[in-house]
>>> print(open('protein-v9.pdb').read())   # PDB, C-alpha atoms and all ligand atoms
ATOM      1  CA  MET A   1       4.790 -17.488 -24.003
ATOM      2  CA  PHE A   2       5.910 -18.220 -20.456
ATOM      3  CA  LEU A   3       3.528 -18.339 -17.483
ATOM      4  CA  PHE A   4       4.755 -18.288 -13.886
ATOM      5  CA  GLN A   5       2.696 -18.200 -10.718
ATOM      6  CA  THR A   6       5.424 -18.178  -8.103
ATOM      7  CA  LYS A   7       8.195 -15.697  -7.346
ATOM      8  CA  VAL A   8      10.805 -18.464  -7.286
ATOM      9  CA  GLU A   9       9.953 -19.645 -10.815
ATOM     10  CA  LEU A  10       9.917 -16.108 -12.179
ATOM     11  CA  GLN A  11      13.230 -15.171 -10.582
ATOM     12  CA  ALA A  12      14.868 -18.368 -11.839
ATOM     13  CA  TYR A  13      13.762 -17.526 -15.387
ATOM     14  CA  LEU A  14      14.905 -13.890 -15.146
ATOM     15  CA  ALA A  15      18.322 -14.770 -13.701
ATOM     16  CA  THR A  16      19.775 -15.368 -17.195
ATOM     17  CA  PHE A  17      18.696 -11.896 -18.316
ATOM     18  CA  HIS A  18      20.129 -10.264 -15.195
ATOM     19  CA  THR A  19      23.430 -12.132 -15.569
ATOM     20  CA  ALA A  20      23.670 -11.199 -19.267
ATOM     21  CA  LYS A  21      22.813  -7.586 -18.289
ATOM     22  CA  GLN A  22      19.919  -7.660 -20.760
ATOM     23  CA  SER A  23      17.210  -5.086 -20.209
ATOM     24  CA  ILE A  24      13.906  -6.218 -18.710
ATOM     25  CA  GLY A  25      10.638  -4.337 -19.248
ATOM     26  CA  LEU A  26       7.796  -4.702 -16.750
ATOM     27  CA  VAL A  27       4.145  -4.003 -17.557
ATOM     28  CA  PRO A  28       2.140  -4.249 -14.301
ATOM     29  CA  THR A  29      -1.572  -4.942 -14.885
ATOM     30  CA  MET A  30      -4.616  -6.204 -13.039
ATOM     31  CA  GLY A  31      -5.667  -8.244 -16.073
ATOM     32  CA  ALA A  32      -8.762  -7.821 -18.252
ATOM     33  CA  ILE A  33      -6.209  -7.074 -20.937
ATOM     34  CA  HIS A  34      -7.298  -4.551 -23.566
ATOM     35  CA  ARG A  35      -5.744  -2.609 -26.451
ATOM     36  CA  GLY A  36      -4.331  -0.009 -24.045
ATOM     37  CA  HIS A  37      -2.325  -2.692 -22.190
ATOM     38  CA  LEU A  38      -1.113  -4.071 -25.519
ATOM     39  CA  SER A  39       0.323  -0.681 -26.468
ATOM     40  CA  LEU A  40       2.415  -0.757 -23.245
ATOM     41  CA  MET A  41       3.583  -4.300 -24.071
ATOM     42  CA  GLU A  42       4.433  -3.323 -27.675
ATOM     43  CA  GLN A  43       6.641  -0.502 -26.432
ATOM     44  CA  SER A  44       8.333  -2.778 -23.899
ATOM     45  CA  LEU A  45       8.957  -5.466 -26.548
ATOM     46  CA  GLN A  46      10.652  -2.845 -28.752
ATOM     47  CA  GLU A  47      12.848  -1.503 -25.969
ATOM     48  CA  ASN A  48      13.861  -4.588 -23.938
ATOM     49  CA  GLY A  49      15.363  -8.056 -24.256
ATOM     50  CA  CYS A  50      12.632  -9.476 -22.034
ATOM     51  CA  THR A  51       9.086  -8.271 -21.260
ATOM     52  CA  VAL A  52       7.281  -9.337 -18.089
ATOM     53  CA  VAL A  53       3.535  -8.689 -17.772
ATOM     54  CA  SER A  54       2.158  -9.099 -14.262
ATOM     55  CA  ILE A  55      -1.523  -9.935 -13.874
ATOM     56  CA  PHE A  56      -2.620  -9.449 -10.295
ATOM     57  CA  VAL A  57      -5.823  -7.948  -8.905
ATOM     58  CA  ASN A  58      -4.264  -6.208  -5.932
ATOM     59  CA  PRO A  59      -6.688  -6.262  -2.965
ATOM     60  CA  THR A  60      -4.912  -3.555  -0.951
ATOM     61  CA  GLN A  61      -5.653  -0.820  -3.498
ATOM     62  CA  PHE A  62      -9.429  -1.303  -3.334
ATOM     63  CA  ASN A  63     -11.197   0.652  -0.618
ATOM     64  CA  ASN A  64     -14.525  -0.736  -1.757
ATOM     65  CA  ALA A  65     -15.107  -4.490  -1.303
ATOM     66  CA  GLU A  66     -17.806  -4.564  -3.994
ATOM     67  CA  ASP A  67     -15.454  -2.955  -6.532
ATOM     68  CA  LEU A  68     -12.821  -5.613  -5.736
ATOM     69  CA  ALA A  69     -15.367  -8.444  -6.020
ATOM     70  CA  LYS A  70     -16.674  -7.128  -9.346
ATOM     71  CA  TYR A  71     -13.255  -6.519 -10.880
ATOM     72  CA  PRO A  72     -13.078  -8.650 -14.067
ATOM     73  CA  ARG A  73     -10.873 -11.744 -13.759
ATOM     74  CA  THR A  74     -10.278 -13.231 -17.193
ATOM     75  CA  LEU A  75      -6.873 -14.928 -16.963
ATOM     76  CA  ALA A  76      -7.384 -17.559 -19.705
ATOM     77  CA  LEU A  77      -8.566 -14.931 -22.190
ATOM     78  CA  ASP A  78      -5.802 -12.528 -21.126
ATOM     79  CA  ILE A  79      -3.194 -15.200 -21.806
ATOM     80  CA  ASP A  80      -4.620 -15.852 -25.297
ATOM     81  CA  ILE A  81      -4.552 -12.133 -26.107
ATOM     82  CA  ILE A  82      -0.981 -11.712 -24.853
ATOM     83  CA  ARG A  83       0.173 -14.837 -26.676
ATOM     84  CA  SER A  84      -1.260 -13.509 -29.938
ATOM     85  CA  LEU A  85       0.849 -10.349 -29.478
ATOM     86  CA  SER A  86       4.091 -12.219 -28.772
ATOM     87  CA  GLU A  87       5.235 -15.679 -27.736
ATOM     88  CA  GLN A  88       8.220 -14.037 -26.033
ATOM     89  CA  ILE A  89       6.263 -12.339 -23.233
ATOM     90  CA  VAL A  90       6.570 -13.655 -19.679
ATOM     91  CA  VAL A  91       3.265 -13.567 -17.765
ATOM     92  CA  PHE A  92       3.462 -13.504 -13.980
ATOM     93  CA  SER A  93       0.126 -14.298 -12.346
ATOM     94  CA  PRO A  94       0.629 -14.877  -8.603
ATOM     95  CA  SER A  95      -1.945 -15.547  -5.896
ATOM     96  CA  VAL A  96      -2.670 -13.027  -3.123
ATOM     97  CA  GLU A  97      -0.864 -15.374  -0.701
ATOM     98  CA  GLU A  98       2.208 -15.429  -2.952
ATOM     99  CA  MET A  99       2.431 -11.623  -2.989
ATOM    100  CA  TYR A 100       1.376 -10.857   0.592
ATOM    101  CA  ALA A 101       2.300 -14.030   2.526
ATOM    102  CA  GLY A 102      -0.680 -13.844   4.881
ATOM    103  CA  ASN A 103      -0.258 -10.113   5.575
ATOM    104  CA  THR A 104      -2.576  -8.480   3.048
ATOM    105  CA  VAL A 105      -2.041  -4.884   4.145
ATOM    106  CA  ALA A 106      -0.610  -1.829   2.456
ATOM    107  CA  ARG A 107       2.383   0.095   3.699
ATOM    108  CA  SER A 108       1.789   3.785   4.313
ATOM    109  CA  PHE A 109       3.656   6.101   1.907
ATOM    110  CA  ASP A 110       4.355   9.805   1.754
ATOM    111  CA  PHE A 111       4.211  10.872  -1.885
ATOM    112  CA  ASP A 112       4.703  14.564  -1.054
ATOM    113  CA  GLY A 113       0.977  15.244  -1.196
ATOM    114  CA  LEU A 114       0.373  13.786  -4.673
ATOM    115  CA  GLU A 115      -1.659  11.067  -2.966
ATOM    116  CA  MET A 116      -4.035  13.606  -1.368
ATOM    117  CA  GLU A 117      -5.497  14.946  -4.622
ATOM    118  CA  MET A 118      -8.272  13.614  -6.867
ATOM    119  CA  GLU A 119      -8.269   9.776  -6.749
ATOM    120  CA  GLY A 120      -6.450   9.889  -3.406
ATOM    121  CA  ALA A 121      -9.169  12.081  -1.894
ATOM    122  CA  GLN A 122     -11.971   9.972  -3.399
ATOM    123  CA  ARG A 123     -10.409   6.586  -2.602
ATOM    124  CA  PRO A 124      -8.538   6.799   0.745
ATOM    125  CA  GLY A 125      -5.615   4.375   0.967
ATOM    126  CA  HIS A 126      -5.737   3.559  -2.752
ATOM    127  CA  PHE A 127      -2.232   4.833  -3.530
ATOM    128  CA  ASP A 128      -0.734   3.116  -0.464
ATOM    129  CA  GLY A 129      -2.019  -0.131  -1.994
ATOM    130  CA  VAL A 130      -0.650   0.747  -5.440
ATOM    131  CA  GLY A 131       2.737   1.781  -3.983
ATOM    132  CA  THR A 132       2.921  -1.422  -1.930
ATOM    133  CA  ILE A 133       2.325  -3.811  -4.818
ATOM    134  CA  VAL A 134       4.377  -1.891  -7.385
ATOM    135  CA  LYS A 135       7.363  -1.764  -5.023
ATOM    136  CA  LYS A 136       7.031  -5.533  -4.410
ATOM    137  CA  LEU A 137       6.963  -6.128  -8.181
ATOM    138  CA  PHE A 138       9.985  -3.868  -8.775
ATOM    139  CA  GLU A 139      11.985  -5.678  -6.074
ATOM    140  CA  LEU A 140      11.028  -9.041  -7.525
ATOM    141  CA  VAL A 141      11.523  -8.413 -11.254
ATOM    142  CA  GLU A 142      14.259  -5.737 -10.992
ATOM    143  CA  PRO A 143      13.141  -4.261 -14.308
ATOM    144  CA  THR A 144      15.215  -1.789 -16.319
ATOM    145  CA  LYS A 145      12.038   0.014 -17.400
ATOM    146  CA  ALA A 146       8.423  -0.161 -16.214
ATOM    147  CA  TYR A 147       5.473   0.993 -18.315
ATOM    148  CA  PHE A 148       2.339   2.756 -17.048
ATOM    149  CA  GLY A 149      -0.542   4.260 -19.011
ATOM    150  CA  GLU A 150      -1.305   7.974 -18.853
ATOM    151  CA  LYS A 151      -4.971   7.095 -18.355
ATOM    152  CA  ASP A 152      -4.081   6.789 -14.675
ATOM    153  CA  PHE A 153      -2.000   9.949 -14.837
ATOM    154  CA  GLN A 154      -2.018  10.489 -11.073
ATOM    155  CA  GLN A 155      -0.818   6.912 -10.570
ATOM    156  CA  LEU A 156       1.980   7.513 -13.100
ATOM    157  CA  GLN A 157       3.184  10.627 -11.211
ATOM    158  CA  ILE A 158       2.983   8.735  -7.903
ATOM    159  CA  ILE A 159       5.030   5.814  -9.238
ATOM    160  CA  LYS A 160       7.683   8.301 -10.403
ATOM    161  CA  LYS A 161       7.687   9.754  -6.872
ATOM    162  CA  LEU A 162       7.916   6.240  -5.360
ATOM    163  CA  VAL A 163      10.984   5.503  -7.470
ATOM    164  CA  GLU A 164      12.600   8.840  -6.544
ATOM    165  CA  LYS A 165      11.926   8.544  -2.797
ATOM    166  CA  GLU A 166      12.789   4.840  -2.450
ATOM    167  CA  HIS A 167      15.822   5.133  -4.777
ATOM    168  CA  LEU A 168      14.606   2.294  -6.979
ATOM    169  CA  PRO A 169      16.821   1.594 -10.037
ATOM    170  CA  VAL A 170      14.093   1.599 -12.712
ATOM    171  CA  SER A 171      13.035   4.060 -15.427
ATOM    172  CA  ILE A 172       9.325   4.830 -15.452
ATOM    173  CA  ILE A 173       7.846   5.193 -18.923
ATOM    174  CA  GLY A 174       4.470   6.915 -19.329
ATOM    175  CA  VAL A 175       2.539   5.717 -22.375
ATOM    176  CA  PRO A 176      -0.200   7.893 -23.984
ATOM    177  CA  ILE A 177      -3.832   6.857 -23.549
ATOM    178  CA  PHE A 178      -5.022   4.384 -26.181
ATOM    179  CA  ARG A 179      -8.412   5.584 -27.446
ATOM    180  CA  ALA A 180     -11.049   3.962 -29.642
ATOM    181  CA  VAL A 181     -11.749   5.847 -32.894
ATOM    182  CA  ASP A 182     -14.624   7.653 -31.174
ATOM    183  CA  GLY A 183     -12.242   8.834 -28.429
ATOM    184  CA  LEU A 184     -13.271   6.463 -25.614
ATOM    185  CA  ALA A 185     -10.244   5.634 -23.436
ATOM    186  CA  MET A 186      -9.530   1.894 -23.199
ATOM    187  CA  SER A 187     -10.202   0.530 -19.707
ATOM    188  CA  SER A 188     -10.763  -2.863 -18.085
ATOM    189  CA  ARG A 189     -13.964  -1.419 -16.635
ATOM    190  CA  ASN A 190     -15.419  -0.867 -20.143
ATOM    191  CA  ALA A 191     -16.140  -4.631 -20.164
ATOM    192  CA  ARG A 192     -18.880  -4.002 -17.578
ATOM    193  CA  ILE A 193     -20.748  -1.448 -19.736
ATOM    194  CA  SER A 194     -23.460  -2.340 -22.282
ATOM    195  CA  SER A 195     -22.719  -1.663 -25.972
ATOM    196  CA  GLU A 196     -25.244   1.193 -25.884
ATOM    197  CA  GLY A 197     -23.502   2.625 -22.808
ATOM    198  CA  LEU A 198     -20.114   2.348 -24.497
ATOM    199  CA  GLU A 199     -21.395   4.311 -27.503
ATOM    200  CA  LYS A 200     -22.601   7.042 -25.147
ATOM    201  CA  SER A 201     -19.309   7.066 -23.236
ATOM    202  CA  THR A 202     -17.525   8.864 -26.049
ATOM    203  CA  PHE A 203     -19.225  11.882 -24.408
ATOM    204  CA  LEU A 204     -16.443  11.946 -21.777
ATOM    205  CA  TYR A 205     -13.720  12.506 -24.374
ATOM    206  CA  GLN A 206     -15.873  15.007 -26.283
ATOM    207  CA  VAL A 207     -16.353  17.125 -23.147
ATOM    208  CA  LEU A 208     -12.626  16.981 -22.330
ATOM    209  CA  ALA A 209     -11.707  17.956 -25.908
ATOM    210  CA  GLN A 210     -14.151  20.898 -25.864
ATOM    211  CA  ALA A 211     -12.868  21.961 -22.434
ATOM    212  CA  LYS A 212      -9.322  21.936 -23.805
ATOM    213  CA  VAL A 213     -10.327  24.310 -26.619
ATOM    214  CA  LEU A 214     -12.048  26.652 -24.138
ATOM    215  CA  PHE A 215      -9.051  26.513 -21.797
ATOM    216  CA  GLN A 216      -6.910  28.276 -24.430
ATOM    217  CA  THR A 217      -8.933  31.502 -24.211
ATOM    218  CA  GLU A 218     -11.177  31.346 -21.143
ATOM    219  CA  SER A 219     -10.628  31.348 -17.371
ATOM    220  CA  ILE A 220     -10.392  28.104 -15.428
ATOM    221  CA  GLU A 221     -13.627  29.018 -13.646
ATOM    222  CA  LYS A 222     -15.440  29.286 -16.983
ATOM    223  CA  VAL A 223     -14.065  25.940 -18.185
ATOM    224  CA  ASN A 224     -15.139  24.264 -14.928
ATOM    225  CA  HIS A 225     -18.596  25.788 -15.299
ATOM    226  CA  PHE A 226     -18.827  24.573 -18.916
ATOM    227  CA  VAL A 227     -18.003  20.968 -17.973
ATOM    228  CA  GLU A 228     -20.438  20.927 -15.064
ATOM    229  CA  SER A 229     -23.235  22.268 -17.281
ATOM    230  CA  GLN A 230     -22.542  19.604 -19.936
ATOM    231  CA  PHE A 231     -23.045  16.893 -17.319
ATOM    232  CA  LYS A 232     -26.165  18.576 -15.880
ATOM    233  CA  ASN A 233     -27.699  18.329 -19.350
ATOM    234  CA  ASN A 234     -26.763  14.658 -19.765
ATOM    235  CA  SER A 235     -28.792  12.259 -17.629
ATOM    236  CA  THR A 236     -26.727   9.191 -18.663
ATOM    237  CA  PHE A 237     -23.722  10.153 -16.530
ATOM    238  CA  ASP A 238     -23.159  11.189 -12.923
ATOM    239  CA  LEU A 239     -20.150  13.469 -12.718
ATOM    240  CA  GLU A 240     -17.994  12.637  -9.673
ATOM    241  CA  TYR A 241     -15.410  15.328 -10.328
ATOM    242  CA  PHE A 242     -13.783  17.440 -13.001
ATOM    243  CA  THR A 243     -10.546  19.232 -12.127
ATOM    244  CA  ILE A 244      -7.960  21.150 -14.074
ATOM    245  CA  ALA A 245      -4.713  20.425 -12.258
ATOM    246  CA  ASP A 246      -1.032  21.244 -12.547
ATOM    247  CA  GLU A 247       0.654  18.150 -14.052
ATOM    248  CA  GLN A 248       3.525  18.223 -11.566
ATOM    249  CA  THR A 249       1.788  18.968  -8.260
ATOM    250  CA  LEU A 250      -1.663  17.615  -9.271
ATOM    251  CA  LYS A 251      -3.158  20.485  -7.264
ATOM    252  CA  PRO A 252      -6.304  22.048  -8.727
ATOM    253  CA  ALA A 253      -5.426  25.146 -10.736
ATOM    254  CA  THR A 254      -7.265  28.384 -10.139
ATOM    255  CA  ALA A 255      -5.299  30.499 -12.620
ATOM    256  CA  LYS A 256      -2.999  29.702 -15.541
ATOM    257  CA  GLU A 257       0.669  30.314 -14.865
ATOM    258  CA  GLU A 258       3.383  30.669 -17.480
ATOM    259  CA  GLY A 259       5.641  27.598 -17.757
ATOM    260  CA  HIS A 260       3.180  25.211 -16.071
ATOM    261  CA  ALA A 261       1.533  22.252 -17.790
ATOM    262  CA  TYR A 262      -2.140  21.605 -17.066
ATOM    263  CA  ARG A 263      -4.422  18.625 -17.539
ATOM    264  CA  GLY A 264      -8.167  18.127 -17.265
ATOM    265  CA  PHE A 265      -9.177  15.146 -15.091
ATOM    266  CA  LEU A 266     -12.640  13.685 -15.128
ATOM    267  CA  VAL A 267     -14.469  10.889 -13.294
ATOM    268  CA  ALA A 268     -18.051   9.934 -14.130
ATOM    269  CA  HIS A 269     -20.384   7.003 -13.543
ATOM    270  CA  ILE A 270     -22.443   5.119 -16.100
ATOM    271  CA  GLU A 271     -24.465   1.933 -15.432
ATOM    272  CA  GLY A 272     -22.797   1.697 -11.983
ATOM    273  CA  VAL A 273     -19.312   1.748 -13.514
ATOM    274  CA  ARG A 274     -16.771   4.404 -12.543
ATOM    275  CA  LEU A 275     -14.889   5.730 -15.587
ATOM    276  CA  ILE A 276     -11.856   7.994 -15.481
ATOM    277  CA  ASP A 277     -10.209   9.997 -18.243
ATOM    278  CA  ASN A 278      -7.828  12.922 -18.651
ATOM    279  CA  LEU A 279      -6.396  15.153 -21.360
ATOM    280  CA  SER A 280      -3.380  17.425 -21.591
ATOM    281  CA  PHE A 281      -4.608  21.030 -21.929
ATOM    282  CA  ASN A 282      -1.306  22.482 -23.150
TER     283      ASN A 282
HETATM  284  O1  LIG B   1      -3.011   0.373 -13.050
HETATM  285  C1  LIG B   1      -3.185  -0.774 -12.579
HETATM  286  O2  LIG B   1      -3.701  -1.661 -13.263
HETATM  287  C2  LIG B   1      -2.781  -1.054 -11.153
HETATM  288  O3  LIG B   1      -2.998   0.045 -10.338
HETATM  289  C3  LIG B   1      -1.321  -1.552 -11.017
HETATM  290  C4  LIG B   1      -0.338  -0.491 -11.451
HETATM  291  C5  LIG B   1      -1.146  -2.801 -11.876
HETATM  292  C6  LIG B   1      -1.030  -1.906  -9.570
HETATM  293  O4  LIG B   1      -1.876  -2.909  -9.101
END
>>> encode(input="protein-v9.pdb", output="structure tokens")
Amino acid sequence: MFLFQTKVELQAYLATFHTAKQSIGLVPTMGAIHRGHLSLMEQSLQENGCTVVSIFVNPTQFNNAEDLAKYPRTLALDIDIIRSLSEQIVVFSPSVEEMYAGNTVARSFDFDGLEMEMEGAQRPGHFDGVGTIVKKLFELVEPTKAYFGEKDFQQLQIIKKLVEKEHLPVSIIGVPIFRAVDGLAMSSRNARISSEGLEKSTFLYQVLAQAKVLFQTESIEKVNHFVESQFKNNSTFDLEYFTIADEQTLKPATAKEEGHAYRGFLVAHIEGVRLIDNLSFN
């Protein structure tokens, strides 16, 4: 496995692949590597001559200082986990100074309104921060393909929009959510939840799965009501929002329209940890 902390070192290593026109896969992460990240890396290893995994806790996408401070930083463990998947992976783990050169601010983007919905409304500026760092990484690595998990489905749609609007020569690959056998979506934040809390967190997937079944026959209003009542009867979780949205526009749906794909999006808190999940309803 190769570990680089500076842009110069990384670019020098990648130059051979660029010259030989070999495909490069990029898996951007903020570390705390889990099984979900590994599924992105596995796909990249299958599809590219070189796989780069970036590990960088990006300060500009956090609008809450406490959330940034508490974000798990487990580089040594992450490296061991990645190495046990493949010795061929290139890990890029830069400092904040290396990525932002003393100007740790996000650029402002227009993602055609995708950034206004759900996570964008709850976390102002979040997607400017994501767009800023992902664009920097694309310009640095010049990947052929970049892999993003569907767990952050809104982020995935926004990255596709970033690539379209900025004319970036990279294919964005969305990878399905990796779930534990009980349905819990893999997340770096799960590391902050007690084992009892994790057992209870399968509730999120169960509610989404039941909502999906209801969605086939009932109105959107009824499905929304069902989800809200499930959370009212469960004192373990605080529901932040549940929305059924159009997959393309991410706007909340009020009625089902022929030819549109819909997804249920859910955010809830347990033990002070904010968990997000989503499920295709089509
Ligand atoms: O999904 C994440 O972990 C982050 O938002 C990303 C894409 C690595 C950008 O910092």
>>> closest_residue(input="protein-v9.pdb", among="A:Gly129, A:Gly174, A:Gly49, A:Gly25", to="ligand LIG 1 (chain B)", atoms="all atoms listed in the file")
A:Gly129
>>> resolve_selection(input="protein-v9.pdb", expression="the PyMOL selection byres (((chain A and resi 240) around 8) and not hetatm)", output="PyMOL selection string")
chain A and resi 238-239+241-242+266-269
>>> write_last_selection(input="protein-v9.pdb", atoms="C-alpha atoms", output="PDB file, in the coordinates of the input")
ATOM      1  CA  ASP A 238     -23.159  11.189 -12.923  1.00  0.00           C
ATOM      2  CA  LEU A 239     -20.150  13.469 -12.718  1.00  0.00           C
ATOM      3  CA  TYR A 241     -15.410  15.328 -10.328  1.00  0.00           C
ATOM      4  CA  PHE A 242     -13.783  17.440 -13.001  1.00  0.00           C
ATOM      5  CA  LEU A 266     -12.640  13.685 -15.128  1.00  0.00           C
ATOM      6  CA  VAL A 267     -14.469  10.889 -13.294  1.00  0.00           C
ATOM      7  CA  ALA A 268     -18.051   9.934 -14.130  1.00  0.00           C
ATOM      8  CA  HIS A 269     -20.384   7.003 -13.543  1.00  0.00           C
TER       9      HIS A 269
END
>>> closest_atom_pairs(input="protein-v9.pdb", of="chain A", to="ligand LIG 1 (chain B)", cutoff="9 Å", atoms="all atoms listed in the file", output="JSON lines")
{"residue": "A:Val27", "atom": "CA", "partner": "B:LIG1", "partner_atom": "C5", "distance": 7.9}
{"residue": "A:Pro28", "atom": "CA", "partner": "B:LIG1", "partner_atom": "C5", "distance": 4.3}
{"residue": "A:Thr29", "atom": "CA", "partner": "B:LIG1", "partner_atom": "C5", "distance": 3.7}
{"residue": "A:Met30", "atom": "CA", "partner": "B:LIG1", "partner_atom": "O2", "distance": 4.6}
{"residue": "A:Gly31", "atom": "CA", "partner": "B:LIG1", "partner_atom": "O2", "distance": 7.4}
{"residue": "A:Ser54", "atom": "CA", "partner": "B:LIG1", "partner_atom": "C5", "distance": 7.5}
{"residue": "A:Ile55", "atom": "CA", "partner": "B:LIG1", "partner_atom": "C5", "distance": 7.4}
{"residue": "A:Phe56", "atom": "CA", "partner": "B:LIG1", "partner_atom": "O4", "distance": 6.7}
{"residue": "A:Val57", "atom": "CA", "partner": "B:LIG1", "partner_atom": "O4", "distance": 6.4}
{"residue": "A:Asn58", "atom": "CA", "partner": "B:LIG1", "partner_atom": "O4", "distance": 5.2}
{"residue": "A:Pro59", "atom": "CA", "partner": "B:LIG1", "partner_atom": "O4", "distance": 8.5}
{"residue": "A:Thr60", "atom": "CA", "partner": "B:LIG1", "partner_atom": "O4", "distance": 8.7}
{"residue": "A:Gln61", "atom": "CA", "partner": "B:LIG1", "partner_atom": "O4", "distance": 7.1}
{"residue": "A:His126", "atom": "CA", "partner": "B:LIG1", "partner_atom": "O3", "distance": 8.8}
{"residue": "A:Phe127", "atom": "CA", "partner": "B:LIG1", "partner_atom": "O3", "distance": 8.4}
{"residue": "A:Gly129", "atom": "CA", "partner": "B:LIG1", "partner_atom": "O4", "distance": 7.6}
{"residue": "A:Val130", "atom": "CA", "partner": "B:LIG1", "partner_atom": "C6", "distance": 4.9}
{"residue": "A:Gly131", "atom": "CA", "partner": "B:LIG1", "partner_atom": "C6", "distance": 7.7}
{"residue": "A:Thr132", "atom": "CA", "partner": "B:LIG1", "partner_atom": "C6", "distance": 8.6}
{"residue": "A:Ile133", "atom": "CA", "partner": "B:LIG1", "partner_atom": "O4", "distance": 6.1}
{"residue": "A:Val134", "atom": "CA", "partner": "B:LIG1", "partner_atom": "C6", "distance": 5.8}
{"residue": "A:Phe148", "atom": "CA", "partner": "B:LIG1", "partner_atom": "C4", "distance": 7.0}
{"residue": "A:Gly149", "atom": "CA", "partner": "B:LIG1", "partner_atom": "O1", "distance": 7.5}
{"residue": "A:Lys151", "atom": "CA", "partner": "B:LIG1", "partner_atom": "O1", "distance": 8.8}
{"residue": "A:Asp152", "atom": "CA", "partner": "B:LIG1", "partner_atom": "O1", "distance": 6.7}
{"residue": "A:Gln155", "atom": "CA", "partner": "B:LIG1", "partner_atom": "O3", "distance": 7.2}
{"residue": "A:Leu156", "atom": "CA", "partner": "B:LIG1", "partner_atom": "C4", "distance": 8.5}
{"residue": "A:Ile159", "atom": "CA", "partner": "B:LIG1", "partner_atom": "C4", "distance": 8.6}
{"residue": "A:Ser188", "atom": "CA", "partner": "B:LIG1", "partner_atom": "O2", "distance": 8.6}
>>> residues_near_point(input="protein-v9.pdb", point="(4.3, 22.7, -23.4)", cutoff="10 Å", atoms="only C-alpha atoms", output="VMD selection string")
chain A and resid 258 to 262 280 to 282
>>> resolve_selection(input="protein-v9.pdb", expression="the PyMOL selection byres (((chain A and resi 139) around 12) and not hetatm)", output="PDB file with C-alpha atoms, keeping the file's coordinate frame")
ATOM      1  CA  LYS A   7       8.195 -15.697  -7.346  1.00  0.00           C
ATOM      2  CA  GLN A  11      13.230 -15.171 -10.582  1.00  0.00           C
ATOM      3  CA  LEU A  26       7.796  -4.702 -16.750  1.00  0.00           C
ATOM      4  CA  MET A  99       2.431 -11.623  -2.989  1.00  0.00           C
ATOM      5  CA  THR A 132       2.921  -1.422  -1.930  1.00  0.00           C
ATOM      6  CA  ILE A 133       2.325  -3.811  -4.818  1.00  0.00           C
ATOM      7  CA  VAL A 134       4.377  -1.891  -7.385  1.00  0.00           C
ATOM      8  CA  LYS A 135       7.363  -1.764  -5.023  1.00  0.00           C
ATOM      9  CA  LYS A 136       7.031  -5.533  -4.410  1.00  0.00           C
ATOM     10  CA  LEU A 137       6.963  -6.128  -8.181  1.00  0.00           C
ATOM     11  CA  PHE A 138       9.985  -3.868  -8.775  1.00  0.00           C
ATOM     12  CA  LEU A 140      11.028  -9.041  -7.525  1.00  0.00           C
ATOM     13  CA  VAL A 141      11.523  -8.413 -11.254  1.00  0.00           C
ATOM     14  CA  GLU A 142      14.259  -5.737 -10.992  1.00  0.00           C
ATOM     15  CA  PRO A 143      13.141  -4.261 -14.308  1.00  0.00           C
ATOM     16  CA  THR A 144      15.215  -1.789 -16.319  1.00  0.00           C
ATOM     17  CA  VAL A 163      10.984   5.503  -7.470  1.00  0.00           C
ATOM     18  CA  GLU A 166      12.789   4.840  -2.450  1.00  0.00           C
ATOM     19  CA  HIS A 167      15.822   5.133  -4.777  1.00  0.00           C
ATOM     20  CA  LEU A 168      14.606   2.294  -6.979  1.00  0.00           C
ATOM     21  CA  PRO A 169      16.821   1.594 -10.037  1.00  0.00           C
ATOM     22  CA  VAL A 170      14.093   1.599 -12.712  1.00  0.00           C
TER      23      VAL A 170
END
>>> resolve_selection(input="protein-v9.pdb", expression="the PyMOL selection byres (((chain A and resi 157) around 10) and not hetatm)", output="short mmCIF file (atom, residue, chain, number, x, y, z; two decimals) with C-alpha atoms, in the frame of the given file")
data_model
loop_
_atom_site.label_atom_id
_atom_site.label_comp_id
_atom_site.auth_asym_id
_atom_site.auth_seq_id
_atom_site.Cartn_x
_atom_site.Cartn_y
_atom_site.Cartn_z
CA PHE A 111 4.21 10.87 -1.88
CA LEU A 114 0.37 13.79 -4.67
CA GLU A 115 -1.66 11.07 -2.97
CA PHE A 148 2.34 2.76 -17.05
CA GLU A 150 -1.30 7.97 -18.85
CA ASP A 152 -4.08 6.79 -14.68
CA PHE A 153 -2.00 9.95 -14.84
CA GLN A 154 -2.02 10.49 -11.07
CA GLN A 155 -0.82 6.91 -10.57
CA LEU A 156 1.98 7.51 -13.10
CA ILE A 158 2.98 8.74 -7.90
CA ILE A 159 5.03 5.81 -9.24
CA LYS A 160 7.68 8.30 -10.40
CA LYS A 161 7.69 9.75 -6.87
CA LEU A 162 7.92 6.24 -5.36
CA ILE A 172 9.32 4.83 -15.45
CA GLY A 174 4.47 6.92 -19.33
CA GLU A 247 0.65 18.15 -14.05
CA GLN A 248 3.52 18.22 -11.57
CA THR A 249 1.79 18.97 -8.26
CA LEU A 250 -1.66 17.61 -9.27
#
>>> atom_distance(input="protein-v9.pdb", atom1="CA of Ser84 (chain A)", atom2="CA of Leu38 (chain A)")
10.4 Å
>>> closest_residue(input="protein-v9.pdb", among="A:Ala185, A:Ala211, A:Leu14, A:Ile89", to="Ser229 (chain A)", atoms="only C-alpha atoms")
A:Ala211
>>> closest_residue(input="protein-v9.pdb", among="A:Leu275, A:Val8, A:Leu3, A:Met118", to="Glu98 (chain A)", atoms="all atoms listed in the file")
A:Val8
>>> atom_distance(input="protein-v9.pdb", atom1="CA of Phe265 (chain A)", atom2="CA of Lys200 (chain A)")
18.6 Å
>>> atom_distance(input="protein-v9.pdb", atom1="CA of Asn224 (chain A)", atom2="CA of Gly113 (chain A)")
23.0 Å
>>> axis_aligned_box(input="protein-v9.pdb", around="region 39-49 of chain A", padding_each_side="5 Å", output="JSON")
{"center_x": 7.8, "center_y": -4.3, "center_z": -26.0, "size_x": 25.0, "size_y": 17.6, "size_z": 15.5}
